[in-house]
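One file, final34.cif, carrying mmCIF, C-alpha atoms:
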data_target
loop_
_atom_site.group_PDB
_atom_site.id
_atom_site.type_symbol
_atom_site.label_atom_id
_atom_site.label_comp_id
_atom_site.auth_asym_id
_atom_site.auth_seq_id
_atom_site.Cartn_x
_atom_site.Cartn_y
_atom_site.Cartn_z
ATOM 1 C CA MET E 1 -7.289 7.709 90.556
ATOM 2 C CA ASP E 2 -5.342 5.092 92.490
ATOM 3 C CA MET E 3 -2.902 2.783 90.798
ATOM 4 C CA ASN E 4 -2.780 -0.802 91.933
ATOM 5 C CA ASN E 5 0.136 -3.211 91.564
ATOM 6 C CA ASN E 6 -1.329 -4.726 88.402
ATOM 7 C CA ASP E 7 -1.449 -1.230 86.836
ATOM 8 C CA ILE E 8 2.195 -0.728 87.824
ATOM 9 C CA LEU E 9 3.176 -4.037 86.172
ATOM 10 C CA ILE E 10 1.216 -3.192 83.023
ATOM 11 C CA ARG E 11 2.777 0.279 82.750
ATOM 12 C CA LEU E 12 6.276 -1.007 83.547
ATOM 13 C CA ARG E 13 6.024 -3.786 80.978
ATOM 14 C CA TYR E 14 4.888 -1.264 78.376
ATOM 15 C CA ALA E 15 7.472 1.390 79.298
ATOM 16 C CA LEU E 16 10.417 -1.012 79.153
ATOM 17 C CA ASP E 17 8.937 -3.080 76.304
ATOM 18 C CA ILE E 18 9.340 -6.354 78.218
ATOM 19 C CA LYS E 19 8.297 -9.527 76.383
ATOM 20 C CA ASN E 20 5.923 -12.005 78.076
ATOM 21 C CA THR E 21 8.627 -14.667 78.298
ATOM 22 C CA ASP E 22 10.933 -12.117 79.954
ATOM 23 C CA MET E 23 8.173 -11.223 82.441
ATOM 24 C CA VAL E 24 8.082 -14.893 83.508
ATOM 25 C CA GLU E 25 11.892 -14.941 83.743
ATOM 26 C CA ILE E 26 11.994 -11.719 85.799
ATOM 27 C CA PHE E 27 9.441 -13.083 88.280
ATOM 28 C CA LYS E 28 11.500 -16.269 88.519
ATOM 29 C CA LEU E 29 14.705 -14.296 89.191
ATOM 30 C CA GLY E 30 12.791 -12.562 91.992
ATOM 31 C CA GLY E 31 11.841 -15.939 93.460
ATOM 32 C CA VAL E 32 8.260 -16.271 92.188
ATOM 33 C CA GLU E 33 7.430 -19.151 89.825
ATOM 34 C CA LEU E 34 4.613 -18.237 87.447
ATOM 35 C CA THR E 35 3.504 -19.592 84.097
ATOM 36 C CA LYS E 36 3.167 -17.302 81.086
ATOM 37 C CA GLU E 37 -0.623 -17.689 81.402
ATOM 38 C CA GLU E 38 -0.522 -16.544 85.033
ATOM 39 C CA VAL E 39 1.605 -13.538 84.140
ATOM 40 C CA LEU E 40 -0.826 -12.623 81.336
ATOM 41 C CA LYS E 41 -3.716 -12.781 83.836
ATOM 42 C CA MET E 42 -1.892 -10.140 85.875
ATOM 43 C CA LEU E 43 -1.478 -7.891 82.854
ATOM 44 C CA VAL E 44 -5.209 -7.427 82.242
ATOM 45 C CA LYS E 45 -6.713 -4.046 83.001
ATOM 46 C CA THR E 46 -9.724 -4.578 85.213
ATOM 47 C CA LYS E 47 -12.734 -2.334 85.336
ATOM 48 C CA ASP E 48 -12.059 -1.691 89.012
ATOM 49 C CA SER E 49 -8.344 -1.026 88.560
ATOM 50 C CA TYR E 50 -8.846 2.654 89.258
ATOM 51 C CA HIS E 51 -11.109 2.310 92.290
ATOM 52 C CA ASP E 52 -9.695 2.544 95.764
ATOM 53 C CA GLU E 53 -8.413 -0.887 96.726
ATOM 54 C CA VAL E 54 -9.049 -0.550 100.456
ATOM 55 C CA GLY E 55 -12.651 -1.725 100.299
ATOM 56 C CA TYR E 56 -12.117 -4.099 97.398
ATOM 57 C CA ASP E 57 -12.695 -7.706 98.392
ATOM 58 C CA GLY E 58 -12.344 -9.292 94.960
ATOM 59 C CA ASP E 59 -15.960 -10.338 94.616
ATOM 60 C CA ILE E 60 -16.408 -9.384 90.975
ATOM 61 C CA ASP E 61 -17.271 -12.388 88.817
ATOM 62 C CA GLU E 62 -16.003 -11.140 85.477
ATOM 63 C CA ASP E 63 -12.576 -10.426 86.990
ATOM 64 C CA GLU E 64 -12.188 -13.987 88.272
ATOM 65 C CA GLU E 65 -9.745 -14.799 85.496
ATOM 66 C CA ASN E 66 -7.385 -12.059 86.601
ATOM 67 C CA ILE E 67 -4.625 -12.589 89.130
ATOM 68 C CA ARG E 68 -4.108 -9.758 91.593
ATOM 69 C CA CYS E 69 -0.476 -8.778 91.971
ATOM 70 C CA ASP E 70 0.122 -8.337 95.692
ATOM 71 C CA ASN E 71 2.953 -6.351 97.265
ATOM 72 C CA PHE E 72 5.144 -9.432 97.705
ATOM 73 C CA MET E 73 4.787 -10.360 94.026
ATOM 74 C CA LEU E 74 5.428 -6.795 92.848
ATOM 75 C CA GLU E 75 8.546 -6.454 94.970
ATOM 76 C CA SER E 76 9.747 -9.889 93.857
ATOM 77 C CA PHE E 77 9.273 -8.737 90.263
ATOM 78 C CA LEU E 78 11.263 -5.551 90.936
ATOM 79 C CA ASN E 79 14.050 -7.561 92.597
ATOM 80 C CA GLY E 80 14.016 -9.891 89.581
ATOM 81 C CA LEU E 81 14.194 -6.881 87.257
ATOM 82 C CA ILE E 82 17.365 -5.698 89.012
ATOM 83 C CA ILE E 83 18.969 -9.119 88.457
ATOM 84 C CA PHE E 84 17.614 -9.286 84.874
ATOM 85 C CA LYS E 85 19.081 -5.870 83.988
ATOM 86 C CA ARG E 86 22.286 -5.898 86.053
ATOM 87 C CA GLY E 87 23.160 -9.562 86.620
ATOM 88 C CA LYS E 88 23.105 -11.614 89.794
ATOM 89 C CA GLN E 89 25.324 -10.340 92.568
ATOM 90 C CA ASP E 90 27.022 -12.856 94.783
ATOM 91 C CA SER E 91 25.767 -12.417 98.307
ATOM 92 C CA LYS E 92 28.482 -11.591 100.747
ATOM 93 C CA PRO E 93 29.082 -13.987 103.675
ATOM 94 C CA GLY E 94 26.466 -13.412 106.359
ATOM 95 C CA GLN E 95 24.166 -11.614 103.923
ATOM 96 C CA PRO E 96 20.741 -13.148 103.241
ATOM 97 C CA GLU E 97 20.348 -14.866 99.862
ATOM 98 C CA ARG E 98 17.290 -12.718 99.097
ATOM 99 C CA PRO E 99 16.920 -9.046 99.942
ATOM 100 C CA ALA E 100 14.499 -8.273 102.775
ATOM 101 C CA MET E 101 11.147 -7.066 101.517
ATOM 102 C CA SER E 102 10.889 -3.283 101.772
ATOM 103 C CA ILE E 103 7.218 -2.807 100.893
ATOM 104 C CA LYS E 104 5.701 -2.551 104.342
ATOM 105 C CA ASN E 105 2.201 -1.504 103.269
ATOM 106 C CA ASN E 106 0.345 -0.105 100.283
ATOM 107 C CA ALA E 107 1.583 3.389 101.130
ATOM 108 C CA SER E 108 5.233 2.483 100.500
ATOM 109 C CA VAL E 109 4.731 0.692 97.140
ATOM 110 C CA ASN E 110 5.537 3.735 94.985
ATOM 111 C CA ASN E 111 8.652 4.672 96.981
ATOM 112 C CA VAL E 112 10.025 1.143 96.659
ATOM 113 C CA LEU E 113 9.093 1.152 92.948
ATOM 114 C CA LEU E 114 11.175 4.304 92.343
ATOM 115 C CA LYS E 115 14.125 3.004 94.376
ATOM 116 C CA LYS E 116 14.232 -0.396 92.702
ATOM 117 C CA LEU E 117 13.835 1.062 89.193
ATOM 118 C CA LYS E 118 16.662 3.479 89.937
ATOM 119 C CA ILE E 119 18.881 0.474 90.758
ATOM 120 C CA ALA E 120 17.620 -1.809 87.955
ATOM 121 C CA LEU E 121 18.086 0.812 85.238
ATOM 122 C CA ALA E 122 21.262 2.299 86.799
ATOM 123 C CA LEU E 123 19.673 5.747 86.887
ATOM 124 C CA THR E 124 21.204 8.787 88.541
ATOM 125 C CA SER E 125 19.011 11.276 90.403
ATOM 126 C CA GLU E 126 19.467 13.591 87.395
ATOM 127 C CA ASP E 127 18.141 10.846 85.080
ATOM 128 C CA MET E 128 15.118 10.400 87.329
ATOM 129 C CA LEU E 129 14.393 14.140 87.394
ATOM 130 C CA ASP E 130 14.678 14.174 83.575
ATOM 131 C CA LEU E 131 12.210 11.281 83.281
ATOM 132 C CA LEU E 132 9.705 13.089 85.501
ATOM 133 C CA GLU E 133 10.228 16.256 83.450
ATOM 134 C CA GLU E 134 9.505 14.284 80.248
ATOM 135 C CA ALA E 135 6.086 13.600 81.753
ATOM 136 C CA GLY E 136 5.589 17.213 82.810
ATOM 137 C CA VAL E 137 6.424 16.883 86.519
ATOM 138 C CA PHE E 138 9.047 19.184 87.978
ATOM 139 C CA ILE E 139 10.466 18.407 91.399
ATOM 140 C CA THR E 140 13.694 19.400 93.099
ATOM 141 C CA LYS E 141 16.590 17.076 93.810
ATOM 142 C CA GLY E 142 15.744 17.405 97.515
ATOM 143 C CA GLU E 143 12.142 16.311 96.924
ATOM 144 C CA LEU E 144 13.379 13.330 94.924
ATOM 145 C CA SER E 145 15.841 12.291 97.612
ATOM 146 C CA ALA E 146 13.001 12.439 100.187
ATOM 147 C CA LEU E 147 11.046 9.962 98.018
ATOM 148 C CA LEU E 148 14.074 7.646 97.818
ATOM 149 C CA ARG E 149 14.748 7.628 101.574
ATOM 150 C CA LYS E 150 14.070 4.655 103.796
ATOM 151 C CA GLU E 151 10.640 4.679 105.411
ATOM 152 C CA GLY E 152 11.019 5.986 108.951
ATOM 153 C CA HIS E 153 13.822 8.430 108.048
ATOM 154 C CA LYS E 154 12.953 11.945 109.267
ATOM 155 C CA ASN E 155 13.085 13.328 105.700
ATOM 156 C CA TYR E 156 11.155 10.417 104.132
ATOM 157 C CA LYS E 157 8.236 11.532 101.985
ATOM 158 C CA MET E 158 5.531 9.198 100.724
ATOM 159 C CA CYS E 159 5.492 8.929 96.938
ATOM 160 C CA GLY E 160 2.007 9.539 95.613
ATOM 161 C CA ASP E 161 0.522 7.787 92.586
ATOM 162 C CA ARG E 162 0.943 10.951 90.514
ATOM 163 C CA TYR E 163 4.750 10.811 90.786
ATOM 164 C CA ALA E 164 4.892 7.058 90.226
ATOM 165 C CA ARG E 165 2.527 7.218 87.235
ATOM 166 C CA ASN E 166 4.440 10.090 85.659
ATOM 167 C CA PHE E 167 7.787 8.412 86.304
ATOM 168 C CA LEU E 168 6.537 5.325 84.428
ATOM 169 C CA LYS E 169 5.194 7.633 81.705
ATOM 170 C CA GLY E 170 8.627 9.291 81.449
ATOM 171 C CA LEU E 171 10.238 5.841 81.146
ATOM 172 C CA ALA E 172 7.836 4.984 78.316
ATOM 173 C CA ILE E 173 8.699 8.236 76.520
ATOM 174 C CA LYS E 174 12.441 7.586 76.934
ATOM 175 C CA TYR E 175 12.503 3.872 76.089
ATOM 176 C CA ARG E 176 9.771 3.763 73.472
ATOM 177 C CA GLY E 177 9.716 7.328 72.162
#

Let me see the file written as structure tokens.
Amino acid sequence: MDMNNNDILIRLRYALDIKNTDMVEIFKLGGVELTKEEVLKMLVKTKDSYHDEVGYDGDIDEDEENIRCDNFMLESFLNGLIIFKRGKQDSKPGQPERPAMSIKNNASVNNVLLKKLKIALALTSEDMLDLLEEAGVFITKGELSALLRKEGHKNYKMCGDRYARNFLKGLAIKYRG
């Protein structure tokens, strides 16, 4: 059961109880201008949302109304969420205005999701382990730090959908429970 970026947005919006108008604002803070209608078209569960995306070419008529959230849009949303939750940081001289995109491919989406949520919600590693535990997943601090490492680091470990899904589930339990 693969999660796509739209699923991540839907689960994140639910877990953190984000209003539609705030979703638009968060995208905007991340540098993506969308209307409320466009955001709502991203928050629709599609019948193919659990099929492997690799072979998906978008040729399903009834899903035409939906807008697919690509990696750039998802990362922009996560960057916007950090600003929304923690305030805009002044960029230091010589620093780019916008952070470089860290999602290199579909395999790194979940790792970036965990890292950016950790920053946005000011979570410690202990908090993150607790959230995973809430959802019934038990990992060590070392395993967590491997998921939070930069891609290419020798101890980097790819974050599977199971961890990402359960982390979002843990957030929902904590923030809505």

Residues proximal to (9.3, -1.9, 87.4) were defined as those with any atom within 12 Å of that point in the file's coordinates, counting all atoms listed in the file. Which are they, as number ranges by chain? E: 5-18, 23, 26-27, 73-82, 84-85, 109-121, 164-165, 167-169, 171-172

When you count only C-alpha atoms, which of these residues is closest to Asn166 (chain E): E:Glu25, E:Glu134, E:Asp2, E:Asp70? E:Glu134

CA of Asp130 (chain E) sits from CA of Leu148 (chain E) at a separation of 15.7 Å

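The residue that comes closest to Gly31 (chain E), out of E:Asn4, E:Ile83, E:Arg162, E:Ile67 and on the basis of all atoms listed in the file, is E:Ile83.
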
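Between CA of Gly170 (chain E) and CA of Glu133 (chain E) the interatomic distance comes to 7.4 Å.
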
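The environment of region 140-147 of chain E within 6 Å, counting all atoms listed in the file and disregarding residues fewer than 6 places along the same chain, consists of Asn111, Asn155, Tyr156, Lys157 and Cys159 of chain E.
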
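Take the candidates E:Gln89, E:Asp127, E:Ala135, E:Gly152 and check each one against Ser102 (chain E) using only C-alpha atoms; the shortest distance goes to E:Gly152.
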
Can you measure CA of Ile173 (chain E) to CA of Leu132 (chain E) for me? One decimal in Å is fine. 10.3 Å
